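**Student:** I'm passing along final06.txt; it holds compact mmCIF, C-alpha atoms.
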```txt
# COMPACT_ATOMS: atom_id res chain seq x y z
CA MET T 1 42.17 27.85 40.57
CA LYS T 2 42.19 24.45 38.88
CA ARG T 3 41.23 22.81 42.17
CA LEU T 4 38.35 25.28 42.62
CA LEU T 5 37.03 24.57 39.11
CA LEU T 6 37.12 20.81 39.72
CA CYS T 7 35.29 21.30 43.00
CA ALA T 8 32.58 23.41 41.32
CA TYR T 9 32.18 20.80 38.58
CA GLY T 10 31.81 18.08 41.17
CA LEU T 11 29.12 20.01 43.04
CA THR T 12 27.21 20.54 39.74
CA VAL T 13 27.29 16.83 38.94
CA MET T 14 26.14 15.95 42.45
CA ALA T 15 23.25 18.45 42.24
CA ALA T 16 22.14 16.99 38.92
CA GLY T 17 22.24 13.52 40.39
CA TRP T 18 20.19 14.58 43.40
CA ALA T 19 17.60 16.23 41.09
CA ALA T 20 17.29 13.07 38.98
CA GLY T 21 17.07 10.98 42.09
CA ASP T 22 14.22 13.08 43.45
CA ALA T 23 12.15 12.79 40.22
CA LYS T 24 9.27 10.31 40.08
CA PRO T 25 7.48 8.74 37.09
CA GLU T 26 4.18 10.28 38.14
CA ASP T 27 5.67 13.79 37.86
CA THR T 28 5.13 13.60 34.10
CA GLU T 29 1.86 11.62 34.04
CA GLN T 30 -1.26 13.44 32.84
CA TRP T 31 -4.62 12.12 34.10
CA GLN T 32 -7.05 14.90 33.18
CA PRO T 33 -8.93 15.68 31.05
CA VAL T 34 -9.83 12.16 29.92
CA PRO T 35 -10.29 11.94 26.11
CA PRO T 36 -13.87 11.11 25.10
CA LYS T 37 -14.53 7.64 23.75
CA VAL T 38 -15.15 7.22 20.02
CA SER T 39 -15.98 3.85 18.51
CA PRO T 40 -14.15 3.36 15.21
CA GLY T 41 -15.98 2.14 12.12
CA LYS T 42 -15.94 -1.54 11.20
CA ASN T 43 -13.57 -0.76 8.34
CA ALA T 44 -11.66 2.20 6.89
CA ALA T 45 -14.69 3.45 4.96
CA ALA T 46 -17.21 3.18 7.79
CA PRO T 47 -17.88 6.31 9.88
CA PRO T 48 -16.80 6.36 13.54
CA SER T 49 -19.42 6.93 16.21
CA ASP T 50 -18.97 10.72 16.36
CA ALA T 51 -19.09 11.31 12.59
CA ILE T 52 -21.74 13.24 10.69
CA VAL T 53 -22.78 11.09 7.73
CA LEU T 54 -23.13 13.29 4.66
CA PHE T 55 -24.01 10.53 2.17
CA ASP T 56 -24.73 6.87 2.91
CA GLY T 57 -26.20 5.83 -0.43
CA ARG T 58 -29.83 6.65 0.30
CA ASN T 59 -30.62 10.34 -0.22
CA LEU T 60 -29.33 13.90 -0.53
CA ASP T 61 -30.91 15.24 2.65
CA GLN T 62 -27.58 16.75 3.78
CA TRP T 63 -26.96 18.63 0.52
CA VAL T 64 -28.19 21.71 -1.34
CA MET T 65 -27.41 23.41 -4.65
CA THR T 66 -24.52 25.86 -4.24
CA ASN T 67 -25.92 28.82 -6.15
CA ASP T 68 -29.36 29.09 -4.54
CA ARG T 69 -29.32 26.63 -1.57
CA SER T 70 -32.31 24.77 -3.01
CA PRO T 71 -32.51 20.95 -2.55
CA ALA T 72 -29.64 19.14 -4.28
CA ARG T 73 -30.60 17.77 -7.69
CA TRP T 74 -27.84 15.27 -8.45
CA ARG T 75 -28.83 11.62 -8.91
CA VAL T 76 -28.71 8.75 -6.41
CA GLU T 77 -28.25 5.50 -8.33
CA ASN T 78 -27.55 2.08 -6.82
CA GLY T 79 -26.25 3.57 -3.59
CA THR T 80 -23.97 6.11 -5.28
CA LEU T 81 -24.17 9.86 -5.80
CA VAL T 82 -23.81 10.73 -9.49
CA VAL T 83 -22.89 14.23 -10.66
CA ASP T 84 -25.57 15.86 -12.79
CA LYS T 85 -23.80 18.45 -14.92
CA ALA T 86 -27.06 20.11 -15.90
CA PHE T 87 -27.51 21.57 -12.42
CA GLY T 88 -24.10 22.69 -11.11
CA ASN T 89 -22.25 22.29 -7.81
CA ILE T 90 -23.75 20.99 -4.58
CA GLU T 91 -22.67 21.65 -1.00
CA THR T 92 -23.54 20.63 2.53
CA LYS T 93 -26.39 22.22 4.44
CA ARG T 94 -24.15 22.36 7.51
CA LEU T 95 -21.19 24.69 7.87
CA PHE T 96 -17.86 23.50 9.20
CA LYS T 97 -14.54 24.85 10.47
CA ASP T 98 -11.80 22.29 11.24
CA TYR T 99 -12.60 18.68 10.44
CA GLN T 100 -11.61 15.17 9.32
CA LEU T 101 -13.34 14.03 6.12
CA HIS T 102 -13.68 10.70 4.32
CA LEU T 103 -14.94 10.58 0.74
CA GLU T 104 -14.85 8.00 -2.06
CA TRP T 105 -15.10 8.72 -5.78
CA ARG T 106 -15.03 6.81 -9.06
CA ILE T 107 -14.14 7.79 -12.60
CA PRO T 108 -16.29 5.88 -15.15
CA ALA T 109 -14.51 2.91 -16.70
CA ASP T 110 -15.35 4.20 -20.19
CA ILE T 111 -14.14 7.74 -19.54
CA THR T 112 -13.07 9.74 -22.58
CA GLY T 113 -11.12 12.95 -23.11
CA GLU T 114 -7.69 14.01 -21.95
CA GLY T 115 -6.00 16.43 -19.60
CA GLN T 116 -8.46 18.48 -17.57
CA LEU T 117 -11.34 17.21 -19.72
CA ARG T 118 -11.27 13.67 -18.34
CA GLY T 119 -13.38 12.97 -15.25
CA ASN T 120 -12.86 16.41 -13.78
CA SER T 121 -14.48 17.32 -10.47
CA GLY T 122 -13.38 18.79 -7.18
CA LEU T 123 -13.71 18.55 -3.42
CA PHE T 124 -13.98 22.07 -2.00
CA LEU T 125 -12.92 21.99 1.64
CA ALA T 126 -14.57 25.34 2.29
CA SER T 127 -17.08 26.87 -0.10
CA THR T 128 -16.72 30.64 0.12
CA GLY T 129 -19.05 31.65 -2.68
CA THR T 130 -21.14 30.56 -5.60
CA ASP T 131 -19.78 28.40 -8.39
CA ASP T 132 -16.15 27.41 -7.68
CA GLY T 133 -15.26 29.84 -4.88
CA GLY T 134 -13.23 28.26 -2.08
CA TYR T 135 -10.40 25.81 -1.43
CA GLU T 136 -10.22 22.83 -3.80
CA ILE T 137 -8.65 19.37 -3.80
CA GLN T 138 -8.69 18.26 -7.43
CA ILE T 139 -10.52 15.14 -8.60
CA LEU T 140 -9.49 13.86 -12.03
CA ASP T 141 -8.49 10.71 -13.89
CA SER T 142 -4.73 10.74 -13.30
CA TRP T 143 -4.06 7.07 -13.99
CA GLU T 144 -2.51 7.62 -17.42
CA ASN T 145 -3.59 11.16 -18.22
CA ARG T 146 -1.02 13.93 -18.55
CA THR T 147 -1.85 17.43 -17.31
CA TYR T 148 -0.22 20.19 -15.25
CA VAL T 149 0.91 18.59 -11.98
CA ASN T 150 -0.77 21.13 -9.71
CA GLY T 151 -4.04 20.20 -11.43
CA GLN T 152 -3.84 16.41 -11.29
CA ALA T 153 -5.80 14.27 -8.84
CA ALA T 154 -5.04 15.00 -5.16
CA SER T 155 -3.42 18.34 -5.89
CA VAL T 156 -4.35 21.45 -3.97
CA TYR T 157 -5.60 23.00 -7.17
CA LYS T 158 -3.07 25.36 -8.78
CA GLN T 159 -1.00 25.40 -5.55
CA SER T 160 0.50 22.06 -4.54
CA PRO T 161 1.05 18.90 -6.62
CA PRO T 162 0.57 15.61 -4.73
CA LEU T 163 3.72 14.10 -3.23
CA VAL T 164 3.08 10.99 -5.36
CA ASN T 165 0.50 9.84 -7.90
CA SER T 166 -1.49 7.08 -6.16
CA SER T 167 -4.37 7.01 -8.65
CA ARG T 168 -6.29 3.86 -9.52
CA LYS T 169 -7.61 2.91 -12.96
CA PRO T 170 -10.93 4.34 -14.14
CA GLY T 171 -13.79 2.15 -12.98
CA GLN T 172 -12.24 1.54 -9.53
CA TRP T 173 -13.27 3.32 -6.36
CA GLN T 174 -10.77 5.76 -4.87
CA SER T 175 -10.69 7.46 -1.48
CA TYR T 176 -9.67 10.77 0.04
CA ASP T 177 -9.06 11.12 3.77
CA VAL T 178 -8.56 14.75 4.65
CA VAL T 179 -7.66 16.78 7.73
CA TRP T 180 -8.63 20.41 7.16
CA THR T 181 -7.48 23.28 9.37
CA ALA T 182 -9.41 26.39 8.42
CA PRO T 183 -7.73 29.80 8.17
CA VAL T 184 -8.09 32.20 11.08
CA PHE T 185 -8.67 35.91 10.53
CA HIS T 186 -8.29 39.03 12.64
CA SER T 187 -11.39 41.11 13.31
CA ASP T 188 -10.40 43.51 10.52
CA GLY T 189 -10.38 40.66 7.98
CA THR T 190 -6.62 40.27 7.69
CA LEU T 191 -5.12 36.80 7.91
CA GLU T 192 -3.91 35.57 11.31
CA THR T 193 -3.01 31.95 10.40
CA PRO T 194 -3.28 30.29 6.96
CA ALA T 195 -5.33 27.22 6.14
CA ALA T 196 -3.56 23.85 6.15
CA VAL T 197 -4.49 20.46 4.73
CA THR T 198 -3.31 16.88 5.00
CA VAL T 199 -4.61 14.42 2.39
CA PHE T 200 -4.36 10.66 1.99
CA HIS T 201 -5.27 9.39 -1.49
CA ASN T 202 -6.08 5.67 -1.44
CA CYS T 203 -4.37 5.52 1.99
CA VAL T 204 -1.17 7.12 0.63
CA LEU T 205 -0.01 10.47 2.05
CA VAL T 206 -0.11 13.02 -0.79
CA GLN T 207 -0.40 16.40 1.03
CA ASN T 208 1.50 16.76 4.31
CA HIS T 209 0.05 19.69 6.27
CA PHE T 210 0.36 21.97 3.25
CA ARG T 211 -0.22 25.62 4.12
CA LEU T 212 -2.42 27.20 1.47
CA LEU T 213 -1.61 30.56 -0.09
CA GLY T 214 -5.29 31.45 -0.21
CA GLU T 215 -8.37 30.29 -2.06
CA THR T 216 -7.70 28.16 -5.12
CA ALA T 217 -8.32 30.01 -8.36
CA TYR T 218 -8.42 28.87 -11.98
CA ILE T 219 -6.99 32.21 -13.14
CA GLY T 220 -4.84 34.52 -11.05
CA LYS T 221 -3.01 34.38 -7.74
CA PRO T 222 -4.43 32.85 -4.54
CA PHE T 223 -5.97 35.23 -2.02
CA TYR T 224 -7.68 35.06 1.36
CA ARG T 225 -11.03 36.58 2.24
CA LYS T 226 -12.50 36.37 5.71
CA TYR T 227 -15.03 33.69 6.62
CA ASP T 228 -15.85 31.80 9.80
CA ARG T 229 -17.56 28.52 8.90
CA ALA T 230 -18.28 27.16 5.43
CA ALA T 231 -19.97 24.33 3.57
CA ILE T 232 -18.14 21.41 1.96
CA LYS T 233 -18.72 21.52 -1.80
CA LEU T 234 -18.61 18.99 -4.66
CA GLN T 235 -18.00 20.27 -8.15
CA SER T 236 -20.01 19.69 -11.29
CA HIS T 237 -17.33 20.41 -13.87
CA HIS T 238 -18.42 21.60 -17.31
CA ASP T 239 -16.14 19.32 -19.35
CA PRO T 240 -17.91 16.91 -21.78
CA SER T 241 -16.64 13.64 -20.24
CA ALA T 242 -19.00 11.27 -18.43
CA PRO T 243 -20.02 12.28 -14.87
CA ILE T 244 -18.20 10.75 -11.90
CA SER T 245 -19.75 9.16 -8.78
CA PHE T 246 -19.33 9.48 -4.99
CA ARG T 247 -20.10 7.30 -1.98
CA ASN T 248 -19.33 6.92 1.75
CA ILE T 249 -18.99 10.58 2.69
CA TRP T 250 -18.64 11.47 6.35
CA VAL T 251 -17.04 14.19 8.46
CA ARG T 252 -15.83 14.59 12.06
CA GLU T 253 -15.70 18.09 13.47
CA LEU T 254 -12.43 18.86 15.31
CA ARG T 255 -12.69 21.10 18.33
```
Is it possible to give me this structure as structure tokens?

**Tutor:**
Amino acid sequence: MKRLLLCAYGLTVMAAGWAAGDAKPEDTEQWQPVPPKVSPGKNAAAPPSDAIVLFDGRNLDQWVMTNDRSPARWRVENGTLVVDKAFGNIETKRLFKDYQLHLEWRIPADITGEGQLRGNSGLFLASTGTDDGGYEIQILDSWENRTYVNGQAASVYKQSPPLVNSSRKPGQWQSYDVVWTAPVFHSDGTLETPAAVTVFHNCVLVQNHFRLLGETAYIGKPFYRKYDRAAIKLQSHHDPSAPISFRNIWVRELR
């Protein structure tokens, strides 16, 4: 019996050797389909060749007011987009599903207030209704400003604190680079797969493919409601601190 087992083992080893010997490098080479060419931007802030530019410092042609879809009425000053708290949130004319987004924002150097009342705004990755409906990445002065951690800058609001606090001082430009995977719903409106987001704040990873529990809500538990494509929204927060500014906003649709 021992001799038979040794013989069987030897045959197995020989067969494995023959299989490896018959393999070729090209067996695992993929040649089609060829990825399309995309020219990168000249620097990290510049849009690549396939990006949709949402704001380049000149006008608000790509934006509308959230509540009535009328032309956006925030201010463009010296190449920056300044929140106008008298008018409310704005959002993109176009609707999106999965995408890569670049956005830069600045808290005023002379910002006042504390906690959530200090440079508060928000990037809504999918606007699902008027006012603040949707999925929000928080914007806030979090340099030296204590608040609840799932409400500080770069948090998925009320759901996920950032992995680290990579905030810059007020007066300095900051960046978000986001990969957004929209939720998928069954035909009856129930959830098939949840939304997920990856966020880099000032080139530092702060959200690592976080799976959202639903829309972000100021009060109450997160929930999902069916949608297909949605606008990207910027928040005009009602706190009394000075308005913040945006620049260099572009998006790449992921198919």

**Student:** Quick one: everything within 9 Å of stretch 131-139 of chain T, counting only C-alpha atoms, minus sequence neighbours fewer than 4 positions away in the same chain. Send it as a VMD selection string.

**Tutor:** chain T and resid 66 to 67 88 to 89 105 119 to 127 150 to 157 199 212 214 to 218 233 235

**Student:** Starting from the point (-23.2, 5.3, -0.8), work out which residues of protein, DNA or RNA have an atom no more than 10 Å away when counting only C-alpha atoms; state them as a PyMOL selection string.

**Tutor:** chain T and resi 54-59+76-81+103-104+245-249

**Student:** Please return as an MDAnalysis selection string every residue within 12 Å of (-10.7, 19.1, -22.5), taking into account only C-alpha atoms and the file's own coordinates.

**Tutor:** chainID T and resid 112:120 140 145:147 237:241

**Student:** Using all atoms listed in the file, which residue out of T:Val197, T:Ala231, T:Val164, T:Leu254 lies closest to T:Ile90?

**Tutor:**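 Nearest candidate to T:Ile90 out of T:Val197, T:Ala231, T:Val164, T:Leu254: T:Ala231.
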
**Student:** Quick one: of T:Glu91, T:Asp98, T:Asp110, T:Asp68, who's nearest to T:Arg229, counting all atoms listed in the file?

**Tutor:** T:Asp98

**Student:** For the atom pair atom CA of T:Lys226 and atom CA of T:His209, what is the interatomic distance in Å to one decimal place?

**Tutor:**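 Spanning atom CA of T:Lys226 to atom CA of T:His209 is a straight-line distance of 20.9 Å.
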
**Student:** Any idea what the distance is between atom CA of T:Ile244 and atom CA of T:Gln100?

**Tutor:**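 Atom CA of T:Ile244 sits 22.7 Å away from atom CA of T:Gln100.
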